[in-house]
>>> print(open('input-v7.cif').read())   # mmCIF, C-alpha atoms
data_target
#
loop_
_atom_site.group_PDB
_atom_site.id
_atom_site.type_symbol
_atom_site.label_atom_id
_atom_site.label_comp_id
_atom_site.auth_asym_id
_atom_site.auth_seq_id
_atom_site.Cartn_x
_atom_site.Cartn_y
_atom_site.Cartn_z
ATOM 1 C CA MET A 514 125.627 -90.719 -142.603
ATOM 2 C CA ASP A 515 121.918 -91.636 -142.708
ATOM 3 C CA TYR A 516 121.722 -95.409 -143.048
ATOM 4 C CA ASN A 517 118.479 -96.568 -144.709
ATOM 5 C CA THR A 518 119.058 -100.340 -144.902
ATOM 6 C CA ILE A 519 120.161 -102.368 -141.894
ATOM 7 C CA GLY A 520 120.966 -106.074 -142.202
ATOM 8 C CA ILE A 521 120.908 -108.186 -139.048
ATOM 9 C CA ASP A 522 122.507 -111.607 -138.698
ATOM 10 C CA VAL A 523 120.878 -113.172 -135.639
ATOM 11 C CA SER A 524 122.402 -115.951 -133.570
ATOM 12 C CA LYS A 525 121.566 -117.259 -130.113
ATOM 13 C CA ALA A 526 124.010 -114.973 -128.273
ATOM 14 C CA LYS A 527 124.633 -111.973 -130.524
ATOM 15 C CA LEU A 528 123.510 -109.707 -133.322
ATOM 16 C CA ASP A 529 125.864 -108.802 -136.161
ATOM 17 C CA ILE A 530 124.704 -105.605 -137.860
ATOM 18 C CA CYS A 531 125.566 -104.125 -141.260
ATOM 19 C CA PHE A 532 124.498 -100.535 -142.039
ATOM 20 C CA LEU A 533 124.056 -99.480 -145.684
ATOM 21 C CA PRO A 534 125.173 -97.374 -147.416
ATOM 22 C CA GLY A 535 128.673 -97.189 -145.989
ATOM 23 C CA ASN A 536 129.264 -100.812 -144.943
ATOM 24 C CA ARG A 537 129.464 -99.953 -141.255
ATOM 25 C CA PHE A 538 129.428 -102.941 -138.896
ATOM 26 C CA LYS A 539 128.454 -103.286 -135.235
ATOM 27 C CA GLN A 540 127.753 -106.121 -132.834
ATOM 28 C CA PHE A 541 125.284 -106.346 -129.939
ATOM 29 C CA THR A 542 124.127 -109.053 -127.553
ATOM 30 C CA ASN A 543 120.875 -110.835 -128.357
ATOM 31 C CA ASP A 544 119.019 -109.710 -125.227
ATOM 32 C CA ILE A 545 117.056 -106.694 -124.057
ATOM 33 C CA LYS A 546 120.227 -104.834 -123.112
ATOM 34 C CA GLY A 547 121.614 -105.332 -126.621
ATOM 35 C CA PHE A 548 118.263 -104.375 -128.183
ATOM 36 C CA LYS A 549 118.229 -101.057 -126.347
ATOM 37 C CA ALA A 550 121.827 -100.304 -127.321
ATOM 38 C CA PHE A 551 120.996 -101.165 -130.939
ATOM 39 C CA SER A 552 117.925 -98.912 -130.847
ATOM 40 C CA ARG A 553 119.996 -95.994 -129.522
ATOM 41 C CA ALA A 554 122.455 -96.483 -132.392
ATOM 42 C CA CYS A 555 119.573 -96.160 -134.879
ATOM 43 C CA LYS A 556 117.525 -93.359 -133.314
ATOM 44 C CA ASN A 557 118.883 -90.582 -135.566
ATOM 45 C CA PHE A 558 118.354 -92.434 -138.861
ATOM 46 C CA GLU A 559 115.419 -91.469 -141.081
ATOM 47 C CA THR A 560 112.996 -94.301 -141.944
ATOM 48 C CA PRO A 561 115.475 -97.213 -141.787
ATOM 49 C CA LYS A 562 114.294 -100.667 -142.804
ATOM 50 C CA PHE A 563 115.540 -103.664 -140.863
ATOM 51 C CA ILE A 564 116.104 -106.977 -142.640
ATOM 52 C CA MET A 565 116.761 -110.255 -140.833
ATOM 53 C CA GLU A 566 116.569 -113.955 -141.569
ATOM 54 C CA ALA A 567 113.904 -116.202 -140.085
ATOM 55 C CA THR A 568 115.847 -118.173 -137.481
ATOM 56 C CA GLY A 569 113.104 -120.171 -135.810
ATOM 57 C CA CYS A 570 113.059 -118.519 -132.393
ATOM 58 C CA TYR A 571 116.208 -116.397 -132.003
ATOM 59 C CA HIS A 572 115.000 -113.452 -134.117
ATOM 60 C CA LYS A 573 111.482 -113.138 -132.668
ATOM 61 C CA SER A 574 112.290 -111.070 -129.559
ATOM 62 C CA LEU A 575 114.285 -108.546 -131.593
ATOM 63 C CA GLU A 576 111.570 -108.434 -134.265
ATOM 64 C CA THR A 577 108.908 -107.646 -131.671
ATOM 65 C CA PHE A 578 111.127 -105.049 -129.980
ATOM 66 C CA LEU A 579 111.779 -103.184 -133.245
ATOM 67 C CA LEU A 580 108.113 -103.322 -134.267
ATOM 68 C CA ASP A 581 107.062 -101.866 -130.928
ATOM 69 C CA LYS A 582 109.501 -99.012 -131.632
ATOM 70 C CA GLY A 583 107.657 -98.316 -134.894
ATOM 71 C CA TYR A 584 110.362 -99.518 -137.309
ATOM 72 C CA GLU A 585 109.825 -101.379 -140.585
ATOM 73 C CA VAL A 586 110.973 -104.971 -140.132
ATOM 74 C CA TYR A 587 111.288 -107.579 -142.895
ATOM 75 C CA VAL A 588 111.890 -111.247 -142.085
ATOM 76 C CA VAL A 589 113.312 -113.133 -145.089
ATOM 77 C CA ASN A 590 113.679 -116.847 -145.816
ATOM 78 C CA PRO A 591 117.384 -117.734 -145.180
ATOM 79 C CA LEU A 592 117.445 -119.762 -148.412
ATOM 80 C CA PHE A 593 116.735 -116.597 -150.421
ATOM 81 C CA ILE A 594 119.656 -114.785 -148.774
ATOM 82 C CA ARG A 595 122.019 -117.689 -149.404
ATOM 83 C CA LYS A 596 121.002 -118.019 -153.064
ATOM 84 C CA PHE A 597 121.399 -114.252 -153.472
ATOM 85 C CA SER A 598 124.973 -114.279 -152.124
ATOM 86 C CA GLN A 599 125.847 -117.316 -154.254
ATOM 87 C CA SER A 600 124.487 -115.577 -157.367
ATOM 88 C CA LYS A 601 127.154 -112.904 -156.837
ATOM 89 C CA GLY A 602 129.868 -115.565 -156.585
ATOM 90 C CA LYS A 603 130.277 -115.051 -152.817
ATOM 91 C CA LEU A 604 130.810 -118.485 -151.272
ATOM 92 C CA ALA A 605 132.606 -117.531 -148.050
ATOM 93 C CA LYS A 606 130.478 -117.418 -144.905
ATOM 94 C CA ASN A 607 130.854 -115.770 -141.508
ATOM 95 C CA ASP A 608 128.603 -113.626 -139.314
ATOM 96 C CA LYS A 609 129.903 -110.300 -140.626
ATOM 97 C CA LEU A 610 129.539 -111.385 -144.256
ATOM 98 C CA ASP A 611 126.075 -112.765 -143.552
ATOM 99 C CA ALA A 612 124.967 -109.400 -142.145
ATOM 100 C CA PHE A 613 126.315 -107.672 -145.262
ATOM 101 C CA HIS A 614 124.520 -110.092 -147.609
ATOM 102 C CA ILE A 615 121.268 -109.629 -145.684
ATOM 103 C CA ALA A 616 121.574 -105.843 -145.966
ATOM 104 C CA GLU A 617 122.449 -106.098 -149.667
ATOM 105 C CA TYR A 618 119.442 -108.317 -150.263
ATOM 106 C CA GLY A 619 117.209 -105.780 -148.538
ATOM 107 C CA LYS A 620 118.622 -102.999 -150.679
ATOM 108 C CA ARG A 621 118.474 -104.699 -154.086
ATOM 109 C CA MET A 622 115.686 -107.293 -153.999
ATOM 110 C CA PRO A 623 111.888 -107.072 -153.626
ATOM 111 C CA LEU A 624 111.063 -107.746 -149.995
ATOM 112 C CA PRO A 625 108.197 -109.722 -148.476
ATOM 113 C CA ARG A 626 105.416 -107.905 -146.704
ATOM 114 C CA ALA A 627 106.680 -105.999 -143.640
ATOM 115 C CA SER A 628 105.990 -107.681 -140.296
ATOM 116 C CA CYS A 629 102.876 -106.506 -138.498
ATOM 117 C CA LYS A 630 103.239 -108.356 -135.208
ATOM 118 C CA ASN A 631 103.277 -106.766 -131.767
ATOM 119 C CA GLN A 632 103.888 -107.892 -128.204
ATOM 120 C CA GLU A 633 100.241 -108.876 -127.721
ATOM 121 C CA HIS A 634 100.199 -110.996 -130.863
ATOM 122 C CA GLU A 635 103.552 -112.633 -130.082
ATOM 123 C CA SER A 636 102.282 -113.639 -126.640
ATOM 124 C CA PHE A 637 99.163 -115.133 -128.229
ATOM 125 C CA ARG A 638 101.215 -116.930 -130.889
ATOM 126 C CA GLU A 639 103.430 -118.570 -128.261
ATOM 127 C CA LEU A 640 100.376 -119.754 -126.319
ATOM 128 C CA ALA A 641 98.807 -121.233 -129.460
ATOM 129 C CA ALA A 642 102.154 -122.817 -130.412
ATOM 130 C CA ARG A 643 102.335 -124.452 -126.985
ATOM 131 C CA ARG A 644 98.888 -125.952 -127.552
ATOM 132 C CA MET A 645 100.043 -127.451 -130.855
ATOM 133 C CA GLN A 646 103.136 -128.916 -129.168
ATOM 134 C CA MET A 647 100.942 -130.568 -126.539
ATOM 135 C CA ILE A 648 98.668 -132.042 -129.227
ATOM 136 C CA VAL A 649 101.731 -133.602 -130.892
ATOM 137 C CA SER A 650 102.979 -134.978 -127.560
ATOM 138 C CA LEU A 651 99.542 -136.434 -126.826
ATOM 139 C CA LYS A 652 99.468 -138.215 -130.208
ATOM 140 C CA ILE A 653 102.949 -139.630 -129.564
ATOM 141 C CA GLU A 654 101.941 -140.995 -126.149
ATOM 142 C CA LYS A 655 98.782 -142.574 -127.588
ATOM 143 C CA SER A 656 100.874 -144.217 -130.299
ATOM 144 C CA ARG A 657 103.261 -145.561 -127.658
ATOM 145 C CA LEU A 658 100.339 -147.001 -125.706
ATOM 146 C CA ASP A 659 99.240 -149.050 -128.730
ATOM 147 C CA LYS A 660 102.744 -150.464 -129.166
ATOM 148 C CA THR A 661 103.565 -151.273 -125.520
ATOM 149 C CA ASN A 662 102.606 -154.477 -123.694
ATOM 150 C CA ASN A 663 104.549 -153.959 -120.453
ATOM 151 C CA VAL A 664 102.063 -153.230 -117.646
ATOM 152 C CA LEU A 665 104.264 -150.732 -115.800
ATOM 153 C CA ALA A 666 105.188 -148.920 -119.000
ATOM 154 C CA ARG A 667 101.514 -148.684 -119.987
ATOM 155 C CA GLU A 668 100.636 -147.138 -116.643
ATOM 156 C CA THR A 669 103.228 -144.378 -117.050
ATOM 157 C CA ILE A 670 101.990 -143.707 -120.593
ATOM 158 C CA LYS A 671 98.384 -143.484 -119.384
ATOM 159 C CA GLU A 672 99.460 -141.003 -116.713
ATOM 160 C CA ALA A 673 101.238 -138.916 -119.353
ATOM 161 C CA ILE A 674 98.092 -138.952 -121.536
ATOM 162 C CA LEU A 675 95.944 -137.788 -118.623
ATOM 163 C CA PHE A 676 98.480 -135.052 -117.844
ATOM 164 C CA TYR A 677 98.436 -133.694 -121.391
ATOM 165 C CA LYS A 678 94.632 -133.794 -121.542
ATOM 166 C CA LYS A 679 94.413 -131.757 -118.336
ATOM 167 C CA GLN A 680 97.021 -129.306 -119.583
ATOM 168 C CA LEU A 681 95.142 -128.910 -122.874
ATOM 169 C CA LYS A 682 91.983 -127.915 -121.006
ATOM 170 C CA ILE A 683 93.977 -125.315 -119.057
ATOM 171 C CA VAL A 684 95.634 -123.906 -122.190
ATOM 172 C CA ASP A 685 92.303 -123.770 -124.039
ATOM 173 C CA LYS A 686 90.844 -121.736 -121.173
ATOM 174 C CA ASP A 687 93.875 -119.437 -121.241
ATOM 175 C CA ILE A 688 93.492 -118.951 -125.000
ATOM 176 C CA MET A 689 89.781 -118.132 -124.681
ATOM 177 C CA ALA A 690 90.513 -115.714 -121.817
ATOM 178 C CA PHE A 691 93.171 -114.029 -123.962
ATOM 179 C CA ILE A 692 90.750 -113.684 -126.885
ATOM 180 C CA GLU A 693 87.979 -112.350 -124.633
ATOM 181 C CA ASN A 694 90.303 -109.647 -123.281
ATOM 182 C CA ALA A 695 91.607 -108.606 -126.711
ATOM 183 C CA LYS A 696 88.949 -106.436 -128.372
ATOM 184 C CA ARG A 697 89.918 -107.060 -132.006
ATOM 185 C CA TYR A 698 90.556 -110.771 -131.497
ATOM 186 C CA LYS A 699 87.258 -111.265 -129.667
ATOM 187 C CA LYS A 700 85.096 -109.853 -132.463
ATOM 188 C CA LEU A 701 87.026 -111.490 -135.300
ATOM 189 C CA PHE A 702 87.134 -114.858 -133.521
ATOM 190 C CA ALA A 703 83.343 -114.791 -133.083
ATOM 191 C CA GLU A 704 82.782 -113.883 -136.737
ATOM 192 C CA MET A 705 85.076 -116.690 -137.909
ATOM 193 C CA LEU A 706 83.158 -119.228 -135.841
ATOM 194 C CA ASN A 707 79.976 -118.152 -137.658
ATOM 195 C CA VAL A 708 81.468 -119.538 -140.905
ATOM 196 C CA ARG A 709 80.335 -123.139 -141.314
ATOM 197 C CA GLY A 710 83.290 -125.494 -141.190
ATOM 198 C CA VAL A 711 85.455 -123.156 -139.103
ATOM 199 C CA GLY A 712 85.911 -124.317 -135.531
ATOM 200 C CA PHE A 713 87.961 -123.328 -132.499
ATOM 201 C CA VAL A 714 91.284 -124.682 -133.801
ATOM 202 C CA THR A 715 90.988 -123.114 -137.269
ATOM 203 C CA ALA A 716 89.971 -119.703 -135.907
ATOM 204 C CA MET A 717 92.727 -119.787 -133.271
ATOM 205 C CA THR A 718 95.327 -120.791 -135.861
ATOM 206 C CA MET A 719 94.301 -118.023 -138.248
ATOM 207 C CA LEU A 720 94.534 -115.390 -135.506
ATOM 208 C CA SER A 721 97.857 -116.587 -134.122
ATOM 209 C CA GLU A 722 99.671 -117.574 -137.350
ATOM 210 C CA MET A 723 98.323 -114.933 -139.775
ATOM 211 C CA PRO A 724 98.757 -111.431 -138.288
ATOM 212 C CA GLU A 725 98.497 -110.126 -141.874
ATOM 213 C CA LEU A 726 94.858 -111.233 -142.022
ATOM 214 C CA GLY A 727 92.713 -108.324 -143.145
ATOM 215 C CA SER A 728 95.603 -106.097 -144.228
ATOM 216 C CA ALA A 729 96.977 -108.227 -147.107
ATOM 217 C CA ASN A 730 95.310 -108.513 -150.512
ATOM 218 C CA LYS A 731 94.025 -111.828 -151.846
ATOM 219 C CA ARG A 732 97.231 -112.728 -153.702
ATOM 220 C CA GLU A 733 99.471 -111.909 -150.742
ATOM 221 C CA ILE A 734 97.381 -113.796 -148.200
ATOM 222 C CA ALA A 735 97.146 -116.885 -150.446
ATOM 223 C CA ALA A 736 100.935 -116.876 -150.942
ATOM 224 C CA LEU A 737 101.581 -116.469 -147.205
ATOM 225 C CA ALA A 738 99.381 -119.466 -146.444
ATOM 226 C CA GLY A 739 100.913 -121.501 -149.266
ATOM 227 C CA VAL A 740 97.668 -122.065 -151.195
ATOM 228 C CA ALA A 741 98.526 -119.908 -154.228
ATOM 229 C CA PRO A 742 98.954 -122.013 -157.397
ATOM 230 C CA MET A 743 102.455 -121.875 -158.898
ATOM 231 C CA GLU A 744 103.024 -122.244 -162.639
ATOM 232 C CA ASN A 745 105.335 -125.002 -163.925
ATOM 233 C CA GLN A 746 106.205 -124.417 -167.579
ATOM 234 C CA SER A 747 109.277 -124.002 -169.732
ATOM 235 C CA GLY A 748 109.319 -123.696 -173.514
ATOM 236 C CA MET A 749 106.835 -126.198 -174.912
ATOM 237 C CA MET A 750 106.549 -128.029 -171.602
ATOM 238 C CA ARG A 751 103.371 -127.308 -169.630
ATOM 239 C CA GLY A 752 103.484 -128.930 -166.196
ATOM 240 C CA ARG A 753 100.667 -129.092 -163.672
ATOM 241 C CA MET A 754 100.315 -126.091 -161.354
ATOM 242 C CA SER A 755 100.968 -126.798 -157.688
ATOM 243 C CA ILE A 756 101.252 -125.091 -154.311
ATOM 244 C CA LYS A 757 104.589 -124.540 -152.587
ATOM 245 C CA GLY A 758 105.919 -122.990 -149.382
ATOM 246 C CA GLY A 759 103.738 -120.991 -147.034
ATOM 247 C CA ARG A 760 102.746 -121.659 -143.431
ATOM 248 C CA LYS A 761 102.147 -125.323 -142.778
ATOM 249 C CA ASN A 762 100.017 -124.877 -139.650
ATOM 250 C CA VAL A 763 97.667 -122.530 -141.513
ATOM 251 C CA ARG A 764 97.308 -124.972 -144.414
ATOM 252 C CA ASN A 765 96.595 -127.849 -142.040
ATOM 253 C CA ALA A 766 93.915 -125.816 -140.253
ATOM 254 C CA LEU A 767 92.322 -124.751 -143.546
ATOM 255 C CA TYR A 768 92.330 -128.331 -144.817
ATOM 256 C CA MET A 769 90.489 -129.634 -141.740
ATOM 257 C CA ALA A 770 87.991 -126.770 -142.009
ATOM 258 C CA VAL A 771 87.338 -127.551 -145.687
ATOM 259 C CA VAL A 772 86.796 -131.260 -144.932
ATOM 260 C CA SER A 773 83.834 -130.091 -142.872
ATOM 261 C CA ALA A 774 82.862 -127.159 -145.124
ATOM 262 C CA ILE A 775 82.355 -129.283 -148.254
ATOM 263 C CA LYS A 776 79.581 -131.058 -146.340
ATOM 264 C CA CYS A 777 77.782 -128.127 -144.719
ATOM 265 C CA ASN A 778 78.976 -124.716 -146.001
ATOM 266 C CA GLU A 779 76.454 -123.127 -148.381
ATOM 267 C CA VAL A 780 79.270 -121.605 -150.514
ATOM 268 C CA ILE A 781 82.099 -124.137 -150.292
ATOM 269 C CA LYS A 782 79.910 -127.224 -150.794
ATOM 270 C CA PRO A 783 78.579 -126.302 -154.289
ATOM 271 C CA TYR A 784 81.956 -124.821 -155.243
ATOM 272 C CA TYR A 785 83.702 -128.122 -154.466
ATOM 273 C CA ARG A 786 81.020 -130.165 -156.224
ATOM 274 C CA GLY A 787 81.259 -127.940 -159.307
ATOM 275 C CA LEU A 788 85.016 -128.444 -159.524
ATOM 276 C CA ARG A 789 84.679 -132.209 -159.198
ATOM 277 C CA ASP A 790 81.909 -132.328 -161.802
ATOM 278 C CA ARG A 791 84.241 -130.537 -164.232
ATOM 279 C CA GLY A 792 86.799 -133.294 -163.777
ATOM 280 C CA LYS A 793 89.169 -131.593 -161.324
ATOM 281 C CA PRO A 794 91.084 -134.020 -159.052
ATOM 282 C CA ALA A 795 89.910 -134.139 -155.438
ATOM 283 C CA LYS A 796 93.219 -132.750 -154.149
ATOM 284 C CA MET A 797 93.084 -129.787 -156.541
ATOM 285 C CA ALA A 798 89.443 -129.111 -155.642
ATOM 286 C CA MET A 799 90.271 -129.206 -151.917
ATOM 287 C CA THR A 800 93.127 -126.742 -152.405
ATOM 288 C CA ALA A 801 90.863 -124.387 -154.354
ATOM 289 C CA CYS A 802 88.298 -124.570 -151.531
ATOM 290 C CA MET A 803 91.019 -123.856 -148.958
ATOM 291 C CA ARG A 804 91.979 -120.754 -150.918
ATOM 292 C CA LYS A 805 88.348 -119.638 -151.218
ATOM 293 C CA LEU A 806 87.772 -120.111 -147.481
ATOM 294 C CA LEU A 807 90.976 -118.216 -146.655
ATOM 295 C CA LEU A 808 89.955 -115.282 -148.871
ATOM 296 C CA HIS A 809 86.555 -115.189 -147.170
ATOM 297 C CA LEU A 810 88.178 -115.065 -143.726
ATOM 298 C CA ASN A 811 90.545 -112.363 -144.979
ATOM 299 C CA SER A 812 87.602 -110.264 -146.161
ATOM 300 C CA ILE A 813 85.895 -110.682 -142.784
ATOM 301 C CA ALA A 814 89.028 -109.386 -141.058
ATOM 302 C CA ALA A 815 89.372 -106.532 -143.585
ATOM 303 C CA ASN A 816 85.796 -105.385 -142.938
ATOM 304 C CA GLN A 817 86.645 -104.767 -139.301
#
>>> encode(input="input-v7.cif", output="structure tokens")
Amino acid sequence: MDYNTIGIDVSKAKLDICFLPGNRFKQFTNDIKGFKAFSRACKNFETPKFIMEATGCYHKSLETFLLDKGYEVYVVNPLFIRKFSQSKGKLAKNDKLDAFHIAEYGKRMPLPRASCKNQEHESFRELAARRMQMIVSLKIEKSRLDKTNNVLARETIKEAILFYKKQLKIVDKDIMAFIENAKRYKKLFAEMLNVRGVGFVTAMTMLSEMPELGSANKREIAALAGVAPMENQSGMMRGRMSIKGGRKNVRNALYMAVVSAIKCNEVIKPYYRGLRDRGKPAKMAMTACMRKLLLHLNSIAANQ
């Protein structure tokens, strides 16, 4: 039988697989040996699509492996899968059932945009993620320094702060070396920096967190970043539109870029002022500017 939808329940140690149609189940280890065995089991299928839940870190190696093999991979919010199974009255939960529900979701429901990551991008993303972790740790240590009076404790905190600052310089050099050696990243990074308001952190975040940049349309890219306005109305009730979901790190980077752009960017500055003059709240105007800046960066990437 030619299976066209494959649901994957990912855990730390294993992969539970459901093949549709036919409800065939298999299990593999969540390591390179298991990935290769899984790939061999799928090699004779025509154009299968693989659906898995976003699990934080456990699904990423398999996702990258399958993408490098040329398969279509869709990573879905676990909440959507759970709500889907509950809507069918299925309340029981185990790994085999989860794999079936994931496959069923992939077969019956509209899927998000297929992943477009690769090994190079995943390596870059992990390096950028490590930089963000170090920034958080540095802020925590600085906060501790302000709250500590013990001399010995303050000395250890100061040493930790110096350590993180040195490590940040090393990671920043590694990131720049990575960008310089990646042809597409190098050109796009330079073009992003030419946009007033966009600095090193914003450009790095966009490259590492938004692999869809340049290939998604304006509605898709705004939804992925979480800056697409969502309607809130029912019957006669008309609530205020708001933004929901999306990638928090991207939104944070866009926000900081817009804080600068509304002061110096020849497009964003008058756009923000026009919104405020028409009575729009500052928060709404900032969000609109974030969306406008994101769409501009997306068009830059698309033109490559």
>>> closest_residue(input="input-v7.cif", among="A:Leu579, A:Ala716, A:Ala690, A:Met797", to="Pro742 of chain A", atoms="all atoms listed in the file")
A:Met797
>>> closest_residue(input="input-v7.cif", among="A:Leu665, A:Ile775, A:Leu808, A:Leu604", to="Leu737 of chain A", atoms="all atoms listed in the file")
A:Leu808
>>> residues_around(input="input-v7.cif", residues="Ile564 of chain A", least_positions_apart="2", cutoff="12 Å", atoms="only C-alpha atoms", output="ChimeraX atom specification")
/A:517-523,529-533,561-562,566-567,572,575-576,579,584-591,594,611-628
>>> closest_residue(input="input-v7.cif", among="A:Gly535, A:Glu639, A:Asn811, A:Lys582", to="Ala729 of chain A", atoms="all atoms listed in the file")
A:Asn811
>>> resolve_selection(input="input-v7.cif", expression="the PyMOL selection byres ((chain A and resi 640) around 12)", output="PyMOL selection string")
chain A and resi 633-639+641-647+681+683-692+717-718+720-722
>>> write_last_selection(input="input-v7.cif", atoms="C-alpha atoms", output="PDB file, keeping the file's coordinate frame")
ATOM      1  CA  GLU A 633     100.241-108.876-127.721  1.00  0.00           C
ATOM      2  CA  HIS A 634     100.199-110.996-130.863  1.00  0.00           C
ATOM      3  CA  GLU A 635     103.552-112.633-130.082  1.00  0.00           C
ATOM      4  CA  SER A 636     102.282-113.639-126.640  1.00  0.00           C
ATOM      5  CA  PHE A 637      99.163-115.133-128.229  1.00  0.00           C
ATOM      6  CA  ARG A 638     101.215-116.930-130.889  1.00  0.00           C
ATOM      7  CA  GLU A 639     103.430-118.570-128.261  1.00  0.00           C
ATOM      8  CA  ALA A 641      98.807-121.233-129.460  1.00  0.00           C
ATOM      9  CA  ALA A 642     102.154-122.817-130.412  1.00  0.00           C
ATOM     10  CA  ARG A 643     102.335-124.452-126.985  1.00  0.00           C
ATOM     11  CA  ARG A 644      98.888-125.952-127.552  1.00  0.00           C
ATOM     12  CA  MET A 645     100.043-127.451-130.855  1.00  0.00           C
ATOM     13  CA  GLN A 646     103.136-128.916-129.168  1.00  0.00           C
ATOM     14  CA  MET A 647     100.942-130.568-126.539  1.00  0.00           C
ATOM     15  CA  LEU A 681      95.142-128.910-122.874  1.00  0.00           C
ATOM     16  CA  ILE A 683      93.977-125.315-119.057  1.00  0.00           C
ATOM     17  CA  VAL A 684      95.634-123.906-122.190  1.00  0.00           C
ATOM     18  CA  ASP A 685      92.303-123.770-124.039  1.00  0.00           C
ATOM     19  CA  LYS A 686      90.844-121.736-121.173  1.00  0.00           C
ATOM     20  CA  ASP A 687      93.875-119.437-121.241  1.00  0.00           C
ATOM     21  CA  ILE A 688      93.492-118.951-125.000  1.00  0.00           C
ATOM     22  CA  MET A 689      89.781-118.132-124.681  1.00  0.00           C
ATOM     23  CA  ALA A 690      90.513-115.714-121.817  1.00  0.00           C
ATOM     24  CA  PHE A 691      93.171-114.029-123.962  1.00  0.00           C
ATOM     25  CA  ILE A 692      90.750-113.684-126.885  1.00  0.00           C
ATOM     26  CA  MET A 717      92.727-119.787-133.271  1.00  0.00           C
ATOM     27  CA  THR A 718      95.327-120.791-135.861  1.00  0.00           C
ATOM     28  CA  LEU A 720      94.534-115.390-135.506  1.00  0.00           C
ATOM     29  CA  SER A 721      97.857-116.587-134.122  1.00  0.00           C
ATOM     30  CA  GLU A 722      99.671-117.574-137.350  1.00  0.00           C
TER      31      GLU A 722
END
>>> resolve_selection(input="input-v7.cif", expression="the PyMOL selection byres ((chain A and resi 762) around 10)", output="list of chain:residue names")
A:Ala642, A:Met645, A:Thr715, A:Thr718, A:Met719, A:Glu722, A:Ala738, A:Gly759, A:Arg760, A:Lys761, A:Val763, A:Arg764, A:Asn765, A:Ala766, A:Leu767, A:Tyr768
>>> atom_distance(input="input-v7.cif", atom1="atom CA of Gly547 of chain A", atom2="atom CA of Phe597 of chain A")
28.3 Å
>>> closest_residue(input="input-v7.cif", among="A:Leu810, A:Val772, A:Leu610, A:Met723", to="Asn707 of chain A", atoms="only C-alpha atoms")
A:Leu810
>>> resolve_selection(input="input-v7.cif", expression="the PyMOL selection byres ((chain A and resi 672-674) around 12)", output="PDB file with C-alpha atoms, in the frame of the given file")
ATOM      1  CA  MET A 647     100.942-130.568-126.539  1.00  0.00           C
ATOM      2  CA  ILE A 648      98.668-132.042-129.227  1.00  0.00           C
ATOM      3  CA  VAL A 649     101.731-133.602-130.892  1.00  0.00           C
ATOM      4  CA  SER A 650     102.979-134.978-127.560  1.00  0.00           C
ATOM      5  CA  LEU A 651      99.542-136.434-126.826  1.00  0.00           C
ATOM      6  CA  LYS A 652      99.468-138.215-130.208  1.00  0.00           C
ATOM      7  CA  ILE A 653     102.949-139.630-129.564  1.00  0.00           C
ATOM      8  CA  GLU A 654     101.941-140.995-126.149  1.00  0.00           C
ATOM      9  CA  LYS A 655      98.782-142.574-127.588  1.00  0.00           C
ATOM     10  CA  SER A 656     100.874-144.217-130.299  1.00  0.00           C
ATOM     11  CA  ARG A 657     103.261-145.561-127.658  1.00  0.00           C
ATOM     12  CA  LEU A 658     100.339-147.001-125.706  1.00  0.00           C
ATOM     13  CA  LEU A 665     104.264-150.732-115.800  1.00  0.00           C
ATOM     14  CA  ALA A 666     105.188-148.920-119.000  1.00  0.00           C
ATOM     15  CA  ARG A 667     101.514-148.684-119.987  1.00  0.00           C
ATOM     16  CA  GLU A 668     100.636-147.138-116.643  1.00  0.00           C
ATOM     17  CA  THR A 669     103.228-144.378-117.050  1.00  0.00           C
ATOM     18  CA  ILE A 670     101.990-143.707-120.593  1.00  0.00           C
ATOM     19  CA  LYS A 671      98.384-143.484-119.384  1.00  0.00           C
ATOM     20  CA  LEU A 675      95.944-137.788-118.623  1.00  0.00           C
ATOM     21  CA  PHE A 676      98.480-135.052-117.844  1.00  0.00           C
ATOM     22  CA  TYR A 677      98.436-133.694-121.391  1.00  0.00           C
ATOM     23  CA  LYS A 678      94.632-133.794-121.542  1.00  0.00           C
ATOM     24  CA  LYS A 679      94.413-131.757-118.336  1.00  0.00           C
ATOM     25  CA  GLN A 680      97.021-129.306-119.583  1.00  0.00           C
ATOM     26  CA  LEU A 681      95.142-128.910-122.874  1.00  0.00           C
TER      27      LEU A 681
END
>>> atom_distance(input="input-v7.cif", atom1="atom CA of Leu788 of chain A", atom2="atom CA of Gly739 of chain A")
20.2 Å
>>> axis_aligned_box(input="input-v7.cif", around="segment 759-768 of chain A", padding_each_side="3 Å", output="AutoDock Vina command-line options")
--center_x 98.0 --center_y -124.7 --center_z -143.3 --size_x 17.4 --size_y 13.3 --size_z 13.4
